[in-house]
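Listing of run08.txt; format and content: compact mmCIF, N, CA and C atoms.
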```txt
# COMPACT_ATOMS: atom_id res chain seq x y z
N MET H 8 -3.57 -48.34 -25.21
CA MET H 8 -3.10 -47.28 -24.32
C MET H 8 -3.43 -45.93 -24.94
N ASN H 9 -4.04 -45.06 -24.15
CA ASN H 9 -4.42 -43.74 -24.64
C ASN H 9 -3.22 -42.80 -24.59
N PRO H 10 -3.05 -41.99 -25.64
CA PRO H 10 -1.96 -41.02 -25.60
C PRO H 10 -2.24 -39.93 -24.57
N THR H 11 -1.18 -39.31 -24.10
CA THR H 11 -1.32 -38.21 -23.15
C THR H 11 -2.02 -37.05 -23.85
N PRO H 12 -3.08 -36.52 -23.26
CA PRO H 12 -3.78 -35.41 -23.92
C PRO H 12 -2.88 -34.19 -24.02
N ARG H 13 -3.02 -33.51 -25.14
CA ARG H 13 -2.27 -32.27 -25.34
C ARG H 13 -2.91 -31.15 -24.54
N PRO H 14 -2.10 -30.26 -24.01
CA PRO H 14 -2.70 -29.13 -23.29
C PRO H 14 -3.44 -28.23 -24.27
N THR H 15 -4.56 -27.74 -23.83
CA THR H 15 -5.32 -26.80 -24.65
C THR H 15 -4.74 -25.41 -24.44
N PRO H 16 -5.04 -24.48 -25.37
CA PRO H 16 -4.51 -23.12 -25.19
C PRO H 16 -4.89 -22.49 -23.86
N ALA H 17 -6.07 -22.85 -23.32
CA ALA H 17 -6.49 -22.28 -22.03
C ALA H 17 -5.61 -22.77 -20.89
N ASP H 18 -4.92 -23.90 -21.10
CA ASP H 18 -4.05 -24.45 -20.07
C ASP H 18 -2.61 -24.01 -20.23
N GLY H 19 -2.26 -23.51 -21.40
CA GLY H 19 -0.87 -23.24 -21.73
C GLY H 19 -0.36 -21.93 -21.18
N PRO H 20 0.94 -21.71 -21.35
CA PRO H 20 1.55 -20.49 -20.82
C PRO H 20 1.01 -19.23 -21.47
N ILE H 21 0.56 -19.31 -22.71
CA ILE H 21 0.05 -18.10 -23.36
C ILE H 21 -1.23 -17.61 -22.68
N HIS H 22 -1.99 -18.54 -22.12
CA HIS H 22 -3.21 -18.15 -21.39
C HIS H 22 -2.86 -17.30 -20.17
N ALA H 23 -1.85 -17.73 -19.43
CA ALA H 23 -1.43 -16.96 -18.25
C ALA H 23 -0.89 -15.60 -18.66
N LEU H 24 -0.16 -15.57 -19.78
CA LEU H 24 0.37 -14.29 -20.26
C LEU H 24 -0.75 -13.37 -20.70
N GLN H 25 -1.76 -13.92 -21.34
CA GLN H 25 -2.91 -13.10 -21.76
C GLN H 25 -3.65 -12.56 -20.55
N ALA H 26 -3.83 -13.39 -19.55
CA ALA H 26 -4.52 -12.95 -18.33
C ALA H 26 -3.75 -11.82 -17.65
N ALA H 27 -2.41 -11.95 -17.60
CA ALA H 27 -1.58 -10.89 -17.01
C ALA H 27 -1.68 -9.62 -17.83
N SER H 28 -1.67 -9.77 -19.15
CA SER H 28 -1.79 -8.61 -20.03
C SER H 28 -3.13 -7.91 -19.84
N ASP H 29 -4.20 -8.68 -19.72
CA ASP H 29 -5.54 -8.10 -19.49
C ASP H 29 -5.59 -7.35 -18.16
N LEU H 30 -4.95 -7.90 -17.14
CA LEU H 30 -4.89 -7.22 -15.84
C LEU H 30 -4.17 -5.88 -15.97
N LEU H 31 -3.04 -5.88 -16.64
CA LEU H 31 -2.27 -4.64 -16.79
C LEU H 31 -3.02 -3.62 -17.63
N LYS H 32 -3.76 -4.07 -18.65
CA LYS H 32 -4.58 -3.15 -19.45
C LYS H 32 -5.65 -2.49 -18.57
N ALA H 33 -6.26 -3.29 -17.69
CA ALA H 33 -7.30 -2.75 -16.81
C ALA H 33 -6.74 -1.71 -15.85
N LEU H 34 -5.46 -1.81 -15.55
CA LEU H 34 -4.81 -0.86 -14.64
C LEU H 34 -4.17 0.32 -15.37
N ALA H 35 -4.26 0.34 -16.68
CA ALA H 35 -3.54 1.33 -17.49
C ALA H 35 -4.22 2.69 -17.52
N SER H 36 -4.46 3.24 -16.37
CA SER H 36 -5.03 4.58 -16.23
C SER H 36 -4.62 5.13 -14.88
N PRO H 37 -4.18 6.38 -14.84
CA PRO H 37 -3.81 6.96 -13.54
C PRO H 37 -4.95 6.93 -12.53
N VAL H 38 -6.17 7.13 -12.98
CA VAL H 38 -7.31 7.13 -12.05
C VAL H 38 -7.52 5.72 -11.50
N ARG H 39 -7.43 4.70 -12.35
CA ARG H 39 -7.62 3.33 -11.88
C ARG H 39 -6.49 2.91 -10.94
N VAL H 40 -5.27 3.32 -11.24
CA VAL H 40 -4.15 3.04 -10.33
C VAL H 40 -4.42 3.72 -8.98
N GLY H 41 -4.92 4.94 -9.04
CA GLY H 41 -5.24 5.66 -7.81
C GLY H 41 -6.35 4.99 -7.01
N ILE H 42 -7.35 4.49 -7.71
CA ILE H 42 -8.44 3.78 -7.02
C ILE H 42 -7.90 2.55 -6.31
N VAL H 43 -7.07 1.77 -7.00
CA VAL H 43 -6.51 0.57 -6.37
C VAL H 43 -5.64 0.96 -5.19
N ARG H 44 -4.86 2.03 -5.34
CA ARG H 44 -4.03 2.48 -4.21
C ARG H 44 -4.91 2.83 -3.01
N GLU H 45 -5.98 3.55 -3.25
CA GLU H 45 -6.87 3.94 -2.15
C GLU H 45 -7.54 2.72 -1.53
N LEU H 46 -7.94 1.75 -2.35
CA LEU H 46 -8.61 0.56 -1.83
C LEU H 46 -7.65 -0.42 -1.16
N SER H 47 -6.35 -0.21 -1.34
CA SER H 47 -5.39 -1.10 -0.68
C SER H 47 -5.46 -0.97 0.83
N GLY H 48 -6.01 0.13 1.32
CA GLY H 48 -6.17 0.34 2.75
C GLY H 48 -7.51 -0.14 3.28
N GLY H 49 -8.34 -0.69 2.41
CA GLY H 49 -9.66 -1.17 2.82
C GLY H 49 -10.75 -0.59 1.95
N GLY H 50 -11.96 -1.06 2.16
CA GLY H 50 -13.10 -0.62 1.36
C GLY H 50 -13.38 0.86 1.50
N LYS H 51 -13.87 1.44 0.41
CA LYS H 51 -14.21 2.87 0.39
C LYS H 51 -15.48 3.09 -0.42
N TYR H 52 -16.17 4.17 -0.08
CA TYR H 52 -17.34 4.60 -0.83
C TYR H 52 -16.88 5.52 -1.96
N VAL H 53 -17.74 5.68 -2.96
CA VAL H 53 -17.39 6.50 -4.12
C VAL H 53 -17.01 7.91 -3.69
N HIS H 54 -17.78 8.51 -2.79
CA HIS H 54 -17.48 9.89 -2.38
C HIS H 54 -16.10 9.99 -1.72
N GLU H 55 -15.65 8.93 -1.04
CA GLU H 55 -14.31 8.94 -0.46
C GLU H 55 -13.24 8.87 -1.54
N LEU H 56 -13.49 8.08 -2.58
CA LEU H 56 -12.54 8.00 -3.70
C LEU H 56 -12.48 9.32 -4.45
N VAL H 57 -13.64 9.96 -4.64
CA VAL H 57 -13.69 11.27 -5.31
C VAL H 57 -12.84 12.28 -4.54
N ALA H 58 -13.00 12.32 -3.24
CA ALA H 58 -12.24 13.27 -2.43
C ALA H 58 -10.74 12.96 -2.44
N ALA H 59 -10.40 11.69 -2.34
CA ALA H 59 -8.98 11.32 -2.28
C ALA H 59 -8.27 11.57 -3.61
N LEU H 60 -8.96 11.33 -4.71
CA LEU H 60 -8.34 11.45 -6.03
C LEU H 60 -8.54 12.82 -6.67
N GLU H 61 -9.45 13.60 -6.08
CA GLU H 61 -9.76 14.94 -6.58
C GLU H 61 -10.17 14.93 -8.05
N VAL H 62 -11.06 14.00 -8.37
CA VAL H 62 -11.66 13.93 -9.70
C VAL H 62 -13.17 13.83 -9.53
N SER H 63 -13.91 13.96 -10.63
CA SER H 63 -15.37 13.99 -10.54
C SER H 63 -15.94 12.61 -10.22
N GLN H 64 -17.14 12.63 -9.65
CA GLN H 64 -17.82 11.38 -9.33
C GLN H 64 -18.12 10.56 -10.57
N PRO H 65 -18.60 11.17 -11.68
CA PRO H 65 -18.83 10.34 -12.87
C PRO H 65 -17.56 9.67 -13.39
N LEU H 66 -16.42 10.36 -13.28
CA LEU H 66 -15.16 9.77 -13.74
C LEU H 66 -14.77 8.58 -12.86
N VAL H 67 -14.90 8.73 -11.55
CA VAL H 67 -14.60 7.62 -10.64
C VAL H 67 -15.52 6.44 -10.93
N SER H 68 -16.80 6.71 -11.12
CA SER H 68 -17.75 5.64 -11.40
C SER H 68 -17.42 4.91 -12.70
N GLN H 69 -17.02 5.66 -13.71
CA GLN H 69 -16.64 5.07 -14.99
C GLN H 69 -15.45 4.12 -14.81
N HIS H 70 -14.45 4.55 -14.07
CA HIS H 70 -13.26 3.72 -13.86
C HIS H 70 -13.56 2.54 -12.95
N LEU H 71 -14.44 2.72 -11.97
CA LEU H 71 -14.85 1.60 -11.13
C LEU H 71 -15.55 0.52 -11.97
N ARG H 72 -16.31 0.95 -12.96
CA ARG H 72 -16.99 0.00 -13.84
C ARG H 72 -15.97 -0.87 -14.58
N VAL H 73 -14.88 -0.25 -15.06
CA VAL H 73 -13.82 -1.01 -15.74
C VAL H 73 -13.18 -1.99 -14.76
N LEU H 74 -12.90 -1.53 -13.56
CA LEU H 74 -12.26 -2.39 -12.56
C LEU H 74 -13.18 -3.53 -12.12
N ARG H 75 -14.47 -3.27 -12.08
CA ARG H 75 -15.43 -4.33 -11.73
C ARG H 75 -15.53 -5.35 -12.85
N THR H 76 -15.59 -4.88 -14.08
CA THR H 76 -15.66 -5.78 -15.23
C THR H 76 -14.43 -6.68 -15.28
N SER H 77 -13.29 -6.14 -14.89
CA SER H 77 -12.04 -6.90 -14.87
C SER H 77 -11.87 -7.72 -13.60
N ARG H 78 -12.86 -7.67 -12.72
CA ARG H 78 -12.85 -8.40 -11.45
C ARG H 78 -11.69 -8.02 -10.54
N ILE H 79 -11.31 -6.75 -10.60
CA ILE H 79 -10.26 -6.24 -9.72
C ILE H 79 -10.89 -5.70 -8.44
N VAL H 80 -12.08 -5.12 -8.57
CA VAL H 80 -12.81 -4.65 -7.40
C VAL H 80 -14.19 -5.30 -7.37
N LYS H 81 -14.76 -5.31 -6.17
CA LYS H 81 -16.13 -5.78 -6.01
C LYS H 81 -16.89 -4.73 -5.22
N ALA H 82 -18.20 -4.73 -5.42
CA ALA H 82 -19.06 -3.75 -4.78
C ALA H 82 -19.94 -4.44 -3.75
N ARG H 83 -20.19 -3.71 -2.67
CA ARG H 83 -21.06 -4.23 -1.61
C ARG H 83 -21.96 -3.10 -1.16
N ARG H 84 -23.26 -3.32 -1.24
CA ARG H 84 -24.21 -2.28 -0.85
C ARG H 84 -24.25 -2.15 0.66
N GLN H 85 -24.14 -0.91 1.13
CA GLN H 85 -24.25 -0.57 2.55
C GLN H 85 -25.34 0.49 2.65
N ALA H 86 -26.53 0.07 2.98
CA ALA H 86 -27.69 0.97 3.03
C ALA H 86 -27.89 1.60 1.66
N ARG H 87 -27.74 2.93 1.56
CA ARG H 87 -27.96 3.62 0.29
C ARG H 87 -26.68 3.81 -0.51
N GLU H 88 -25.56 3.42 0.03
CA GLU H 88 -24.29 3.61 -0.65
C GLU H 88 -23.68 2.27 -1.03
N ILE H 89 -22.72 2.33 -1.94
CA ILE H 89 -22.00 1.13 -2.36
C ILE H 89 -20.55 1.29 -1.94
N GLN H 90 -20.06 0.28 -1.24
CA GLN H 90 -18.66 0.28 -0.83
C GLN H 90 -17.89 -0.62 -1.78
N TYR H 91 -16.73 -0.14 -2.22
CA TYR H 91 -15.88 -0.89 -3.13
C TYR H 91 -14.66 -1.40 -2.39
N GLU H 92 -14.25 -2.60 -2.75
CA GLU H 92 -13.04 -3.17 -2.16
C GLU H 92 -12.34 -4.04 -3.20
N LEU H 93 -11.08 -4.30 -2.97
CA LEU H 93 -10.30 -5.14 -3.89
C LEU H 93 -10.74 -6.59 -3.74
N THR H 94 -10.78 -7.29 -4.86
CA THR H 94 -11.11 -8.71 -4.80
C THR H 94 -9.89 -9.54 -4.43
N ASP H 95 -8.70 -8.98 -4.67
CA ASP H 95 -7.46 -9.72 -4.43
C ASP H 95 -6.38 -8.73 -4.03
N GLU H 96 -5.78 -8.94 -2.89
CA GLU H 96 -4.75 -8.02 -2.39
C GLU H 96 -3.47 -8.04 -3.24
N HIS H 97 -3.29 -9.07 -4.06
CA HIS H 97 -2.11 -9.13 -4.92
C HIS H 97 -2.05 -7.94 -5.87
N VAL H 98 -3.21 -7.51 -6.33
CA VAL H 98 -3.26 -6.36 -7.25
C VAL H 98 -2.75 -5.11 -6.55
N ALA H 99 -3.06 -4.96 -5.28
CA ALA H 99 -2.56 -3.81 -4.52
C ALA H 99 -1.04 -3.82 -4.49
N HIS H 100 -0.45 -5.00 -4.31
CA HIS H 100 1.02 -5.09 -4.28
C HIS H 100 1.61 -4.67 -5.62
N ILE H 101 1.00 -5.10 -6.71
CA ILE H 101 1.48 -4.72 -8.04
C ILE H 101 1.45 -3.20 -8.20
N VAL H 102 0.32 -2.60 -7.84
CA VAL H 102 0.16 -1.16 -8.00
C VAL H 102 1.10 -0.40 -7.07
N LEU H 103 1.16 -0.78 -5.81
CA LEU H 103 2.03 -0.06 -4.87
C LEU H 103 3.49 -0.19 -5.24
N ASP H 104 3.90 -1.37 -5.71
CA ASP H 104 5.29 -1.55 -6.18
C ASP H 104 5.56 -0.68 -7.40
N ALA H 105 4.61 -0.59 -8.31
CA ALA H 105 4.78 0.23 -9.51
C ALA H 105 4.90 1.71 -9.14
N ILE H 106 4.11 2.16 -8.18
CA ILE H 106 4.19 3.56 -7.74
C ILE H 106 5.55 3.82 -7.10
N ARG H 107 5.98 2.93 -6.21
CA ARG H 107 7.29 3.11 -5.58
C ARG H 107 8.41 3.12 -6.63
N HIS H 108 8.34 2.22 -7.57
CA HIS H 108 9.36 2.16 -8.62
C HIS H 108 9.39 3.46 -9.44
N ALA H 109 8.21 3.99 -9.75
CA ALA H 109 8.15 5.23 -10.53
C ALA H 109 8.71 6.43 -9.77
N GLN H 110 8.66 6.36 -8.43
CA GLN H 110 9.16 7.46 -7.61
C GLN H 110 10.65 7.38 -7.35
N GLU H 111 11.31 6.29 -7.74
CA GLU H 111 12.75 6.14 -7.48
C GLU H 111 13.56 7.01 -8.43
```
Rewrite the coordinates I just gave you, this time as structure tokens.
Amino acid sequence: MNPTPRPTPADGPIHALQAASDLLKALASPVRVGIVRELSGGGKYVHELVAALEVSQPLVSQHLRVLRTSRIVKARRQAREIQYELTDEHVAHIVLDAIRHAQE
């Protein structure tokens, strides 16, 4: 009789905690929180995010790169522009709840 296999660290609770920690690190910037807030209403182009957040285009692009690397946002080419959208609406709930909590 084979013994029950032990769970590997990737299967254990610490893996889920690390993944949650990585998500929160990726959101640990006011500009990135703002980008997620703006994208919670649907896809947007970089120039729309620049206008909504009132920050420079290079800064928005830099933060979008972090969010893409963390798989929080995805990009879709529309002719000559790139539209960004959230990969998972759950992240929007986290961000919007955090904003509401901070305003209480």
Contacts of range 95-103 of chain H within 7 Å, all atoms listed in the file, excl. fewer than 4 positions in-chain, as a count of residues only: 10
Separation of atom C of His70 in chain H from atom C of Lys32 in chain H, in Å and rounded to one decimal: 10.9 Å
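Counting only C-alpha atoms, the residue from H:Gly41, H:Glu55, H:Ile21, H:Gly50 that sits nearest to Ile106 in chain H is H:Gly41.
Coordinates place atom C of Ala59 in chain H at a distance of 21.7 Å from CA of Leu31 in chain H.
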Of the listed residues H:Gln25, H:Gln85, H:Gln90, H:Ser63, that which approaches Lys51 in chain H most closely, counting only N, CA and C atoms: H:Gln90
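In this model, the gap between CA of Pro65 in chain H and CA of Ala105 in chain H comes to 25.9 Å.
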Residues flagged strand (DSSP E or B) by DSSP in chain H, as number ranges by chain: H: 51-52, 80-85, 88-93
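When only C-alpha atoms are used to measure the gap to Ala86 in chain H, the shortest distance among H:Gln69, H:Glu61, H:Tyr52, H:Ala27 belongs to H:Tyr52.
Checking H:Leu71, H:Ser77, H:Ile89, H:Leu56 one by one against Arg39 in chain H, counting only N, CA and C atoms, you find the shortest gap at H:Leu71.
Closest approach to Val53 in chain H among H:Asp104, H:Glu88, H:Ala23, H:Leu74 is made by H:Glu88 (distances from all atoms listed in the file).
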DSSP-assigned helix (DSSP H, G or I) among chain H, expressed as number ranges by chain: H: 20-33, 37-46, 53-60, 64-76, 96-110
Residue nearest Pro37 in chain H among H:Ser68, H:Gly49, H:Thr94, H:Leu60 (counting only C-alpha atoms): H:Leu60
